[in-house]
>>> print(open('work10.pdb').read())   # PDB, C-alpha atoms, pLDDT in the B column
ATOM      1  CA  MET A  11       2.364   8.105 -11.140  1.00 65.00           C
ATOM      2  CA  ALA A  12      -1.073   6.729 -10.546  1.00 87.00           C
ATOM      3  CA  ILE A  13      -2.089   4.543  -7.673  1.00 96.00           C
ATOM      4  CA  PHE A  14      -3.539   1.324  -9.028  1.00 97.00           C
ATOM      5  CA  GLU A  15      -6.827   0.122  -7.505  1.00 97.00           C
ATOM      6  CA  ALA A  16      -6.500  -3.653  -7.152  1.00 97.00           C
ATOM      7  CA  ASN A  17      -9.104  -6.346  -6.545  1.00 96.00           C
ATOM      8  CA  LYS A  18      -9.096 -10.077  -5.893  1.00 95.00           C
ATOM      9  CA  ASN A  19      -8.751 -10.812  -9.630  1.00 96.00           C
ATOM     10  CA  ASN A  20      -5.561  -8.813 -10.237  1.00 97.00           C
ATOM     11  CA  TYR A  21      -3.964  -8.505  -6.797  1.00 96.00           C
ATOM     12  CA  ASP A  22      -1.205 -11.101  -7.302  1.00 94.00           C
ATOM     13  CA  GLU A  23      -0.336  -9.574 -10.663  1.00 95.00           C
ATOM     14  CA  GLN A  24       0.018  -6.159  -9.030  1.00 95.00           C
ATOM     15  CA  LEU A  25       2.437  -7.484  -6.410  1.00 94.00           C
ATOM     16  CA  ASN A  26       4.771  -8.492  -9.217  1.00 93.00           C
ATOM     17  CA  ALA A  27       4.252  -5.433 -11.442  1.00 94.00           C
ATOM     18  CA  ALA A  28       7.523  -3.801 -10.361  1.00 95.00           C
ATOM     19  CA  GLU A  29      10.631  -4.463  -8.290  1.00 96.00           C
ATOM     20  CA  TYR A  30       9.201  -2.317  -5.461  1.00 97.00           C
ATOM     21  CA  VAL A  31       5.511  -2.299  -4.540  1.00 97.00           C
ATOM     22  CA  MET A  32       3.660  -0.489  -1.751  1.00 98.00           C
ATOM     23  CA  VAL A  33       0.151  -1.722  -0.949  1.00 98.00           C
ATOM     24  CA  ASP A  34      -2.402   0.394   0.920  1.00 98.00           C
ATOM     25  CA  TYR A  35      -5.171  -1.683   2.507  1.00 98.00           C
ATOM     26  CA  TYR A  36      -8.030   0.705   3.225  1.00 97.00           C
ATOM     27  CA  GLY A  37     -11.692   0.892   4.177  1.00 94.00           C
ATOM     28  CA  GLU A  38     -14.405   3.165   2.850  1.00 87.00           C
ATOM     29  CA  HIS A  39     -15.254   4.834   6.178  1.00 91.00           C
ATOM     30  CA  CYS A  40     -11.746   5.117   7.610  1.00 95.00           C
ATOM     31  CA  GLY A  41     -10.706   8.595   8.755  1.00 96.00           C
ATOM     32  CA  ALA A  42      -6.986   7.773   8.825  1.00 97.00           C
ATOM     33  CA  CYS A  43      -7.275   6.388   5.279  1.00 97.00           C
ATOM     34  CA  VAL A  44      -8.814   9.663   4.080  1.00 96.00           C
ATOM     35  CA  TYR A  45      -6.091  11.621   5.902  1.00 97.00           C
ATOM     36  CA  THR A  46      -3.299   9.596   4.248  1.00 97.00           C
ATOM     37  CA  GLU A  47      -4.697   9.647   0.687  1.00 96.00           C
ATOM     38  CA  PRO A  48      -3.363  13.028  -0.539  1.00 97.00           C
ATOM     39  CA  TYR A  49       0.067  12.381   0.949  1.00 97.00           C
ATOM     40  CA  LEU A  50       0.232   8.956  -0.673  1.00 97.00           C
ATOM     41  CA  ARG A  51      -0.758  10.434  -4.041  1.00 96.00           C
ATOM     42  CA  ALA A  52       1.975  13.071  -3.747  1.00 97.00           C
ATOM     43  CA  VAL A  53       4.622  10.469  -2.902  1.00 97.00           C
ATOM     44  CA  SER A  54       3.480   8.220  -5.757  1.00 97.00           C
ATOM     45  CA  ASN A  55       4.093  11.145  -8.135  1.00 96.00           C
ATOM     46  CA  GLU A  56       7.606  11.662  -6.716  1.00 95.00           C
ATOM     47  CA  MET A  57       8.670   8.006  -6.718  1.00 95.00           C
ATOM     48  CA  SER A  58       7.574   6.557 -10.037  1.00 92.00           C
ATOM     49  CA  PHE A  59       9.912   3.561  -9.706  1.00 94.00           C
ATOM     50  CA  ILE A  60       7.634   2.214  -6.951  1.00 97.00           C
ATOM     51  CA  HIS A  61       4.328   0.630  -7.945  1.00 97.00           C
ATOM     52  CA  PHE A  62       1.601   1.937  -5.617  1.00 98.00           C
ATOM     53  CA  VAL A  63      -1.466  -0.230  -5.089  1.00 98.00           C
ATOM     54  CA  LYS A  64      -4.654   0.328  -3.086  1.00 97.00           C
ATOM     55  CA  ILE A  65      -7.099  -2.391  -2.133  1.00 98.00           C
ATOM     56  CA  ASN A  66     -10.446  -1.908  -0.432  1.00 97.00           C
ATOM     57  CA  ILE A  67     -10.695  -4.632   2.189  1.00 96.00           C
ATOM     58  CA  THR A  68     -14.473  -4.210   2.507  1.00 94.00           C
ATOM     59  CA  GLN A  69     -14.873  -5.213  -1.123  1.00 96.00           C
ATOM     60  CA  ASN A  70     -12.003  -7.766  -1.045  1.00 96.00           C
ATOM     61  CA  PRO A  71     -12.159  -9.491   2.364  1.00 96.00           C
ATOM     62  CA  GLU A  72     -10.396 -12.614   1.082  1.00 96.00           C
ATOM     63  CA  ILE A  73      -7.248 -10.563   0.419  1.00 96.00           C
ATOM     64  CA  ALA A  74      -7.434  -9.022   3.896  1.00 95.00           C
ATOM     65  CA  LYS A  75      -7.751 -12.484   5.425  1.00 96.00           C
ATOM     66  CA  ARG A  76      -4.904 -13.873   3.331  1.00 95.00           C
ATOM     67  CA  TYR A  77      -2.532 -11.159   4.580  1.00 94.00           C
ATOM     68  CA  ASN A  78      -3.948 -10.974   8.119  1.00 94.00           C
ATOM     69  CA  ILE A  79      -5.089  -7.364   7.753  1.00 96.00           C
ATOM     70  CA  VAL A  80      -7.155  -6.604  10.849  1.00 92.00           C
ATOM     71  CA  GLY A  81      -7.144  -2.786  10.827  1.00 94.00           C
ATOM     72  CA  VAL A  82      -6.923   0.024   8.308  1.00 97.00           C
ATOM     73  CA  PRO A  83      -5.012   1.659   6.992  1.00 98.00           C
ATOM     74  CA  THR A  84      -2.339  -0.997   6.820  1.00 98.00           C
ATOM     75  CA  PHE A  85       0.568  -0.761   4.415  1.00 98.00           C
ATOM     76  CA  GLN A  86       2.736  -3.567   3.090  1.00 97.00           C
ATOM     77  CA  TYR A  87       5.967  -3.181   1.154  1.00 97.00           C
ATOM     78  CA  PHE A  88       7.180  -5.781  -1.327  1.00 96.00           C
ATOM     79  CA  HIS A  89      10.548  -6.227  -3.017  1.00 95.00           C
ATOM     80  CA  ASN A  90      10.515  -8.605  -5.979  1.00 95.00           C
ATOM     81  CA  GLY A  91       7.164  -9.993  -4.811  1.00 94.00           C
ATOM     82  CA  LYS A  92       8.368 -10.720  -1.258  1.00 95.00           C
ATOM     83  CA  LEU A  93       6.915  -8.927   1.768  1.00 95.00           C
ATOM     84  CA  VAL A  94       9.736  -6.982   3.447  1.00 95.00           C
ATOM     85  CA  HIS A  95       7.980  -4.433   5.671  1.00 95.00           C
ATOM     86  CA  LYS A  96       4.561  -3.585   7.125  1.00 96.00           C
ATOM     87  CA  ASN A  97       3.043  -0.742   9.136  1.00 97.00           C
ATOM     88  CA  SER A  98      -0.377   0.571  10.139  1.00 97.00           C
ATOM     89  CA  GLY A  99      -1.985   3.941  10.805  1.00 97.00           C
ATOM     90  CA  GLY A 100      -2.390   7.269   9.085  1.00 97.00           C
ATOM     91  CA  MET A 101       0.723   8.851   7.606  1.00 98.00           C
ATOM     92  CA  ASP A 102       1.880  12.174   6.213  1.00 98.00           C
ATOM     93  CA  THR A 103       4.544  12.584   3.505  1.00 97.00           C
ATOM     94  CA  ALA A 104       7.529  12.391   5.868  1.00 98.00           C
ATOM     95  CA  HIS A 105       6.195   9.249   7.508  1.00 98.00           C
ATOM     96  CA  ILE A 106       5.534   7.594   4.132  1.00 98.00           C
ATOM     97  CA  HIS A 107       9.116   8.381   3.058  1.00 96.00           C
ATOM     98  CA  LYS A 108      10.431   6.862   6.290  1.00 96.00           C
ATOM     99  CA  GLU A 109       8.449   3.650   5.775  1.00 96.00           C
ATOM    100  CA  LEU A 110       9.489   3.386   2.113  1.00 97.00           C
ATOM    101  CA  ALA A 111      13.125   3.715   3.193  1.00 94.00           C
ATOM    102  CA  GLU A 112      12.610   0.572   5.290  1.00 89.00           C
ATOM    103  CA  MET A 113      11.793  -1.276   2.070  1.00 90.00           C
ATOM    104  CA  LEU A 114      14.362   0.359  -0.175  1.00 90.00           C
ATOM    105  CA  TYR A 115      17.371   0.077   2.130  1.00 86.00           C
ATOM    106  CA  LYS A 116      16.864  -3.326   3.747  1.00 73.00           C
TER     107      LYS A 116
END
>>> encode(input="work10.pdb", output="structure tokens")
Amino acid sequence: MAIFEANKNNYDEQLNAAEYVMVDYYGEHCGACVYTEPYLRAVSNEMSFIHFVKINITQNPEIAKRYNIVGVPTFQYFHNGKLVHKNSGGMDTAHIHKELAEMLYK
């Protein structure tokens, strides 16, 4: 499954695009964001029932402010449009699975 690139015009729509949504807040010059990218893409292909969204906070600072995103990468997990979990920092596949389990089994 693809990772959808959101912006300020479609962000709210993306949060409600599926029962489960994972949002990756990233920056263009973030080493941990670059590290996480291939792992996130692999997990998005495995777990097609989750809607994966990326948003560049440099280009969309109003979204970052709205959700109090002060560092990247930061990940938020939504269930039926409600924020249920959040974490920050680079992640590999195992770590992404662990964080998604926090959302799926709450």
>>> resolve_selection(input="work10.pdb", expression="the PyMOL selection byres ((chain A and resi 12-25) around 9)", output="VMD selection string")
chain A and resid 11 26 to 33 50 to 51 54 to 55 58 61 to 66 69 to 73 88 to 92
>>> residues_around(input="work10.pdb", residues="Gln86 (chain A)", least_positions_apart="5", cutoff="10 Å", atoms="only C-alpha atoms", output="PyMOL selection string")
chain A and resi 31-35+63+77+79+93-98+109-110+113
>>> atom_distance(input="work10.pdb", atom1="CA of Tyr49 (chain A)", atom2="CA of Ile106 (chain A)")
7.9 Å
>>> atom_distance(input="work10.pdb", atom1="CA of Thr103 (chain A)", atom2="CA of Met57 (chain A)")
11.9 Å
>>> closest_residue(input="work10.pdb", among="A:Glu56, A:Glu112, A:Glu38, A:Asp102", to="Val82 (chain A)", atoms="all atoms listed in the file")
A:Glu38
>>> atom_distance(input="work10.pdb", atom1="CA of Val53 (chain A)", atom2="CA of Val80 (chain A)")
24.9 Å
>>> closest_residue(input="work10.pdb", among="A:Gly100, A:Phe85, A:Ile67, A:Ala74", to="Cys43 (chain A)", atoms="only C-alpha atoms")
A:Gly100
>>> closest_residue(input="work10.pdb", among="A:Phe59, A:Pro83, A:Lys116, A:Asn78", to="Ala42 (chain A)", atoms="all atoms listed in the file")
A:Pro83
>>> build_atoms(input="work10.pdb", residues="region 30-52 of chain A", atoms="N, CA and C atoms", output="CSV table (one decimal), in the coordinates of the input")
chain,number,residue,atom,x,y,z
A,30,TYR,N,9.7,-2.8,-6.7
A,30,TYR,CA,9.2,-2.3,-5.5
A,30,TYR,C,7.7,-2.0,-5.5
A,31,VAL,N,7.0,-2.5,-4.6
A,31,VAL,CA,5.5,-2.3,-4.5
A,31,VAL,C,5.1,-1.9,-3.1
A,32,MET,N,4.3,-0.9,-3.0
A,32,MET,CA,3.7,-0.5,-1.8
A,32,MET,C,2.2,-0.7,-1.9
A,33,VAL,N,1.6,-1.4,-0.9
A,33,VAL,CA,0.2,-1.7,-0.9
A,33,VAL,C,-0.5,-1.0,0.2
A,34,ASP,N,-1.6,-0.3,-0.1
A,34,ASP,CA,-2.4,0.4,0.9
A,34,ASP,C,-3.7,-0.4,1.1
A,35,TYR,N,-3.9,-1.0,2.2
A,35,TYR,CA,-5.2,-1.7,2.5
A,35,TYR,C,-6.0,-0.7,3.2
A,36,TYR,N,-7.2,-0.4,2.7
A,36,TYR,CA,-8.0,0.7,3.2
A,36,TYR,C,-9.5,0.3,3.3
A,37,GLY,N,-10.3,1.1,4.1
A,37,GLY,CA,-11.7,0.9,4.2
A,37,GLY,C,-12.4,2.2,3.8
A,38,GLU,N,-13.6,2.0,3.4
A,38,GLU,CA,-14.4,3.2,2.8
A,38,GLU,C,-14.7,4.2,3.9
A,39,HIS,N,-14.9,3.9,5.1
A,39,HIS,CA,-15.3,4.8,6.2
A,39,HIS,C,-14.1,5.0,7.2
A,40,CYS,N,-12.9,5.0,6.7
A,40,CYS,CA,-11.7,5.1,7.6
A,40,CYS,C,-11.2,6.5,7.6
A,41,GLY,N,-11.2,7.2,8.7
A,41,GLY,CA,-10.7,8.6,8.8
A,41,GLY,C,-9.2,8.7,8.5
A,42,ALA,N,-8.4,7.8,9.0
A,42,ALA,CA,-7.0,7.8,8.8
A,42,ALA,C,-6.6,7.5,7.4
A,43,CYS,N,-7.5,6.7,6.7
A,43,CYS,CA,-7.3,6.4,5.3
A,43,CYS,C,-7.5,7.7,4.5
A,44,VAL,N,-8.5,8.4,4.8
A,44,VAL,CA,-8.8,9.7,4.1
A,44,VAL,C,-7.7,10.7,4.3
A,45,TYR,N,-7.2,10.7,5.5
A,45,TYR,CA,-6.1,11.6,5.9
A,45,TYR,C,-4.8,11.3,5.1
A,46,THR,N,-4.5,10.0,4.9
A,46,THR,CA,-3.3,9.6,4.2
A,46,THR,C,-3.4,9.8,2.7
A,47,GLU,N,-4.5,9.7,2.1
A,47,GLU,CA,-4.7,9.6,0.7
A,47,GLU,C,-3.9,10.7,-0.1
A,48,PRO,N,-4.1,12.0,0.3
A,48,PRO,CA,-3.4,13.0,-0.5
A,48,PRO,C,-1.8,12.9,-0.4
A,49,TYR,N,-1.4,12.5,0.8
A,49,TYR,CA,0.1,12.4,0.9
A,49,TYR,C,0.6,11.2,0.1
A,50,LEU,N,-0.2,10.1,0.1
A,50,LEU,CA,0.2,9.0,-0.7
A,50,LEU,C,0.3,9.3,-2.2
A,51,ARG,N,-0.7,10.0,-2.6
A,51,ARG,CA,-0.8,10.4,-4.0
A,51,ARG,C,0.5,11.3,-4.4
A,52,ALA,N,0.8,12.2,-3.5
A,52,ALA,CA,2.0,13.1,-3.7
A,52,ALA,C,3.3,12.2,-3.8
